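**Q** Quick one, run11.txt (compact mmCIF, C-alpha atoms and all ligand atoms):
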```
# COMPACT_ATOMS: atom_id res chain seq x y z
CA MET A 1 0.00 0.00 0.00
CA ASP A 2 1.22 3.54 -0.73
CA PRO A 3 2.48 5.84 2.06
CA PHE A 4 -0.35 8.35 1.59
CA THR A 5 -3.01 5.69 2.25
CA HIS A 6 -1.08 4.36 5.25
CA TYR A 7 -0.76 7.86 6.68
CA MET A 8 -4.38 8.90 6.11
CA ILE A 9 -6.02 5.65 7.27
CA GLY A 10 -3.80 5.88 10.37
CA PHE A 11 -4.97 9.44 10.82
CA ALA A 12 -8.63 8.39 10.44
CA LEU A 13 -8.21 5.64 13.04
CA GLY A 14 -6.49 8.03 15.46
CA LYS A 15 -9.35 10.45 15.06
CA LYS A 16 -11.94 7.71 15.60
CA MET A 17 -10.10 6.63 18.75
CA GLY A 18 -10.30 10.22 20.00
CA LEU A 19 -6.54 10.45 20.53
CA ASP A 20 -4.83 13.63 21.72
CA ILE A 21 -2.13 15.34 19.62
CA PRO A 22 0.85 13.18 20.71
CA GLY A 23 -1.34 10.10 20.24
CA LYS A 24 -2.36 11.16 16.72
CA LYS A 25 1.23 11.95 15.74
CA CYS A 26 2.31 8.60 17.07
CA MET A 27 -0.49 6.88 15.13
CA VAL A 28 0.43 8.38 11.75
CA LEU A 29 4.19 7.92 12.16
CA PHE A 30 3.97 4.31 13.27
CA SER A 31 1.45 3.63 10.49
CA LEU A 32 4.33 4.37 8.11
CA LEU A 33 7.17 2.73 10.04
CA PRO A 34 6.99 -0.87 8.70
CA ASP A 35 7.94 0.32 5.20
CA ILE A 36 11.29 1.46 6.59
CA ASP A 37 12.42 -1.95 5.37
CA THR A 38 12.41 -0.54 1.82
CA LEU A 39 15.63 1.29 2.80
CA THR A 40 17.39 -2.05 2.59
CA ILE A 41 17.48 -1.27 -1.13
CA LEU A 42 20.82 0.29 -0.17
CA LEU A 43 22.05 -3.25 0.41
CA GLY A 44 20.96 -4.32 -3.05
CA TYR A 45 17.72 -5.02 -4.88
CA ASP A 46 17.73 -8.77 -4.26
CA PHE A 47 18.14 -8.37 -0.52
CA ALA A 48 15.46 -5.65 -0.33
CA SER A 49 12.94 -7.62 -2.33
CA SER A 50 13.30 -10.67 -0.11
CA PHE A 51 13.37 -8.66 3.15
CA HIS A 52 10.50 -6.22 2.47
CA GLY A 53 7.28 -7.39 4.14
CA THR A 54 8.91 -9.70 6.67
CA VAL A 55 10.50 -8.51 9.95
CA THR A 56 9.02 -5.01 10.14
CA HIS A 57 5.62 -6.26 8.93
CA SER A 58 5.18 -8.78 11.75
CA LEU A 59 3.12 -8.85 14.92
CA LEU A 60 6.33 -9.58 16.79
CA PHE A 61 7.79 -6.27 15.52
CA ALA A 62 4.54 -4.51 16.54
CA ILE A 63 4.81 -5.86 20.09
CA LEU A 64 8.53 -5.12 20.49
CA THR A 65 8.27 -1.60 19.03
CA ALA A 66 5.18 -0.76 21.09
CA GLY A 67 6.92 -2.07 24.21
CA THR A 68 10.02 0.03 23.53
CA VAL A 69 8.05 3.22 22.87
CA GLU A 70 5.88 2.60 25.93
CA THR A 71 8.94 2.20 28.14
CA VAL A 72 10.79 5.24 26.83
CA TYR A 73 7.80 7.58 26.53
CA PHE A 74 6.05 6.63 29.78
CA VAL A 75 9.11 7.37 31.89
CA LYS A 76 9.21 10.93 30.57
CA HIS A 77 5.59 11.82 29.87
CA ARG A 78 3.50 9.43 31.99
CA GLN A 79 1.37 8.56 28.98
CA HIS A 80 0.71 5.04 27.72
CA LEU A 81 1.43 4.67 24.02
CA PHE A 82 1.62 0.87 23.76
CA PRO A 83 -1.96 0.52 22.41
CA VAL A 84 -1.47 3.30 19.85
CA VAL A 85 1.83 2.01 18.48
CA PHE A 86 0.58 -1.57 18.41
CA ALA A 87 -2.63 -0.50 16.62
CA ALA A 88 -0.70 1.62 14.10
CA ILE A 89 1.72 -1.14 13.08
CA SER A 90 -1.03 -3.78 13.01
CA LEU A 91 -3.09 -1.45 10.83
CA HIS A 92 -0.17 -1.13 8.40
CA ILE A 93 0.09 -4.91 8.16
CA LEU A 94 -3.68 -5.25 7.59
CA LEU A 95 -3.66 -2.60 4.87
CA ASP A 96 -0.83 -4.38 3.05
CA ILE A 97 -2.81 -7.64 2.85
CA PRO A 98 -5.28 -6.83 0.01
CA GLN A 99 -2.54 -6.08 -2.52
CA THR A 100 -1.09 -9.57 -2.02
CA SER A 101 -3.99 -10.77 -4.20
CA PHE A 102 -2.53 -9.12 -7.30
CA MET A 103 1.11 -8.26 -6.54
CA SER A 104 3.99 -10.51 -5.61
CA SER A 105 4.68 -10.11 -1.91
CA ASN A 106 6.64 -11.63 0.97
CA LEU A 107 4.18 -10.34 3.53
CA ASN A 108 4.54 -12.45 6.67
CA PRO A 109 2.71 -11.08 9.71
CA PHE A 110 3.76 -14.18 11.67
CA TYR A 111 7.50 -13.77 11.08
CA PRO A 112 9.74 -15.52 12.28
CA PHE A 113 7.34 -18.43 11.82
CA HIS A 114 6.75 -20.00 8.44
CA PRO A 115 4.73 -17.63 6.24
CA ILE A 116 1.19 -18.30 5.12
CA PRO A 117 1.39 -17.92 1.32
CA PRO A 118 0.41 -14.27 0.77
CA GLN A 119 -2.28 -15.24 -1.76
CA ARG A 120 -3.96 -17.21 1.00
CA LEU A 121 -3.92 -14.24 3.39
CA PHE A 122 -6.49 -12.56 1.16
CA PRO A 123 -7.94 -15.21 -1.13
CA VAL A 124 -10.34 -13.08 -3.16
CA GLY A 125 -8.79 -12.90 -6.62
CA ARG A 126 -7.15 -10.03 -8.45
CA THR A 127 -10.21 -7.96 -9.30
CA VAL A 128 -11.67 -7.84 -5.80
CA GLY A 129 -8.19 -7.25 -4.35
CA MET A 130 -7.65 -4.27 -6.66
CA ALA A 131 -11.11 -2.92 -5.86
CA VAL A 132 -10.35 -3.09 -2.13
CA VAL A 133 -7.02 -1.30 -2.60
CA LEU A 134 -8.72 1.38 -4.70
CA ALA A 135 -11.50 1.78 -2.11
CA LEU A 136 -8.90 2.22 0.65
CA PHE A 137 -7.04 4.83 -1.41
CA LEU A 138 -10.29 6.74 -2.06
CA THR A 139 -11.15 6.57 1.64
CA ALA A 140 -7.71 8.03 2.39
CA LEU A 141 -8.22 10.78 -0.19
CA TRP A 142 -11.69 11.56 1.12
CA THR A 143 -10.38 11.74 4.70
CA PHE A 144 -7.61 14.09 3.56
CA LEU A 145 -9.96 16.42 1.66
CA LYS A 146 -12.35 16.51 4.61
CA ASN A 147 -9.70 17.27 7.24
CA TRP A 148 -6.68 18.94 5.64
CA LYS A 149 -7.55 22.46 6.80
CA ASP A 150 -8.26 21.47 10.42
CA ASP A 151 -5.95 22.56 13.22
CA GLU A 152 -5.69 18.93 14.20
CA GLY A 153 -5.89 17.66 10.61
CA PRO A 154 -3.24 15.58 8.84
CA ILE A 155 -1.08 18.69 8.22
CA GLY A 156 -2.17 21.00 11.05
CA LEU A 157 -1.29 18.29 13.55
CA TRP A 158 2.40 19.09 13.04
CA ARG A 159 1.95 22.86 13.37
CA ARG A 160 -0.15 22.88 16.50
CA GLU A 161 2.56 22.71 19.09
CA LYS A 162 4.41 25.53 17.36
CA LYS A 163 1.29 27.69 17.44
CA GLU A 164 0.74 26.94 21.12
CA GLU A 165 4.33 27.83 21.88
CA GLU A 166 4.06 31.05 19.95
CA SER A 167 0.85 32.07 21.74
CA ARG A 168 2.40 31.21 25.11
CA GLY A 169 5.65 33.04 24.53
ZN ZN B 201 4.19 -2.14 4.08
```
Have the structure of the file written as structure tokens, please.

**A**
Amino acid sequence: MDPFTHYMIGFALGKKMGLDIPGKKCMVLFSLLPDIDTLTILLGYDFASSFHGTVTHSLLFAILTAGTVETVYFVKHRQHLFPVVFAAISLHILLDIPQTSFMSSNLNPFYPFHPIPPQRLFPVGRTVGMAVVLALFLTALWTFLKNWKDDEGPIGLWRREKKEEESRG
């Protein structure tokens, strides 16, 4: 799935969950994180194409990352972020599933265990798979158009703290 859809569906979920600003930021950033494995392209195309979709797209990675963020963030800010980070990474994995019906993929949410063949993760056939991916993209686009001007929208979210600081100081 493309980064825009990951970001916006993450944003929509964060909004639905009624998260505060740090929670929403955390939701959109960690909705993108699993695709950091595409950077392994620096180690060569063959390595990247066999690595993408495995470690950072697993429930194990979701648990370990959420646990790490929870530990680090809670000490400083007394706010629990485990559920948000876990939800964001799990959402990314879920959103990547439909495209396995029409694109070659190594997606393995159960890494390091033996993968379920990706085509069996979403056994609906190419046409339905493509329709689902398109529907998700349109949902993302709709969410963006509906919220982009908001103070706490997908863009405003990153300006808010600055504004608050400016008005305080
Ligand atoms: Zn991905």

**Q** Can you tell me, as number ranges by chain, what residues are no more than 12 Å from Phe4 (chain A) when counting only C-alpha atoms, ignoring any on the same chain fewer than 6 positions away?

**A** A: 10-11, 28-29, 31-32, 92, 95, 136-144, 154

**Q** How would the residues just chosen look if you wrote them out with C-alpha atoms as a short mmCIF file (atom, residue, chain, number, x, y, z; two decimals), keeping the file's coordinate frame?

**A**
```cif
data_model
loop_
_atom_site.label_atom_id
_atom_site.label_comp_id
_atom_site.auth_asym_id
_atom_site.auth_seq_id
_atom_site.Cartn_x
_atom_site.Cartn_y
_atom_site.Cartn_z
CA GLY A 10 -3.80 5.88 10.37
CA PHE A 11 -4.97 9.44 10.82
CA VAL A 28 0.43 8.38 11.75
CA LEU A 29 4.19 7.92 12.16
CA SER A 31 1.45 3.63 10.49
CA LEU A 32 4.33 4.37 8.11
CA HIS A 92 -0.17 -1.13 8.40
CA LEU A 95 -3.66 -2.60 4.87
CA LEU A 136 -8.90 2.22 0.65
CA PHE A 137 -7.04 4.83 -1.41
CA LEU A 138 -10.29 6.74 -2.06
CA THR A 139 -11.15 6.57 1.64
CA ALA A 140 -7.71 8.03 2.39
CA LEU A 141 -8.22 10.78 -0.19
CA TRP A 142 -11.69 11.56 1.12
CA THR A 143 -10.38 11.74 4.70
CA PHE A 144 -7.61 14.09 3.56
CA PRO A 154 -3.24 15.58 8.84
#
```

**Q** Nearest to ligand ZN 201 (chain B) among A:Ile97, A:Met130, A:Met103, A:Ile41, with distances taken over only C-alpha atoms and all ligand atoms: which residue is it?

**A** A:Ile97

**Q** Calculated over all atoms listed in the file, which of the candidates A:Leu94, A:Leu43, A:Met8, A:Met27 has the smallest distance to ligand ZN 201 (chain B)?

**A**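 Distance minimum relative to ligand ZN 201 (chain B) lands on A:Leu94.
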
**Q** So how far away is CA of Ile36 (chain A) from CA of Leu121 (chain A), in Å?

**A**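 Interatomic distance here is 22.1 Å.
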
**Q** Write out as JSON, numbers by chain each polymer residue (protein, DNA or RNA) that has an atom no more than 6 Å from ligand ZN 201 (chain B), with all atoms listed in the file counted.

**A** {"A": [34, 35, 96]}

**Q** Go through A:Leu81, A:Leu13, A:Val75, A:Val55 one by one, measure the shortest atom-to-atom distance of each to Cys26 (chain A) using only C-alpha atoms, and give the residue with the smallest value.

**A**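 Result for the nearest residue to Cys26 (chain A): A:Leu81.
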
**Q** First collect every listed atom of region 88-91 of chain A; then fit an axis-aligned box around them, widen it by 5 Å on each side, and give centre and edge lengths in Å to one decimal, as AutoDock Vina command-line options.

**A**
```
--center_x -0.7 --center_y -1.1 --center_z 12.5 --size_x 14.8 --size_y 15.4 --size_z 13.3
```

**Q** Please list as a ChimeraX atom specification every residue within 7 Å of His57 (chain A), counting all atoms listed in the file and excluding residues in the same chain fewer than 6 positions away.

**A** /A:34,93,107-109

**Q** Out of A:Gly18, A:Gly129, A:Pro117, A:Gly153, which residue has the shortest atom-to-atom distance to Met1 (chain A) when counting all atoms listed in the file?

**A** A:Gly129

**Q** Using only C-alpha atoms - which residues lie no farther than 12 Å from the point (-3.5, 18.4, 10.3) in the file's frame? Write them as an mmCIF file with C-alpha atoms, keeping the file's coordinate frame.

**A**
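Listed below is the output, out02.cif:
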```cif
data_model
loop_
_atom_site.group_PDB
_atom_site.id
_atom_site.type_symbol
_atom_site.label_atom_id
_atom_site.label_comp_id
_atom_site.auth_asym_id
_atom_site.auth_seq_id
_atom_site.Cartn_x
_atom_site.Cartn_y
_atom_site.Cartn_z
ATOM 1 C CA TYR A 7 -0.760 7.860 6.680
ATOM 2 C CA MET A 8 -4.380 8.900 6.110
ATOM 3 C CA PHE A 11 -4.970 9.440 10.820
ATOM 4 C CA ALA A 12 -8.630 8.390 10.440
ATOM 5 C CA GLY A 14 -6.490 8.030 15.460
ATOM 6 C CA LYS A 15 -9.350 10.450 15.060
ATOM 7 C CA ILE A 21 -2.130 15.340 19.620
ATOM 8 C CA LYS A 24 -2.360 11.160 16.720
ATOM 9 C CA LYS A 25 1.230 11.950 15.740
ATOM 10 C CA VAL A 28 0.430 8.380 11.750
ATOM 11 C CA THR A 143 -10.380 11.740 4.700
ATOM 12 C CA PHE A 144 -7.610 14.090 3.560
ATOM 13 C CA LEU A 145 -9.960 16.420 1.660
ATOM 14 C CA LYS A 146 -12.350 16.510 4.610
ATOM 15 C CA ASN A 147 -9.700 17.270 7.240
ATOM 16 C CA TRP A 148 -6.680 18.940 5.640
ATOM 17 C CA LYS A 149 -7.550 22.460 6.800
ATOM 18 C CA ASP A 150 -8.260 21.470 10.420
ATOM 19 C CA ASP A 151 -5.950 22.560 13.220
ATOM 20 C CA GLU A 152 -5.690 18.930 14.200
ATOM 21 C CA GLY A 153 -5.890 17.660 10.610
ATOM 22 C CA PRO A 154 -3.240 15.580 8.840
ATOM 23 C CA ILE A 155 -1.080 18.690 8.220
ATOM 24 C CA GLY A 156 -2.170 21.000 11.050
ATOM 25 C CA LEU A 157 -1.290 18.290 13.550
ATOM 26 C CA TRP A 158 2.400 19.090 13.040
ATOM 27 C CA ARG A 159 1.950 22.860 13.370
ATOM 28 C CA ARG A 160 -0.150 22.880 16.500
ATOM 29 C CA GLU A 161 2.560 22.710 19.090
#
```

**Q** Calculate how many Å separate CA of Pro112 (chain A) from CA of Thr54 (chain A), rounding to one decimal.

**A**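 CA of Pro112 (chain A) sits 8.1 Å away from CA of Thr54 (chain A).
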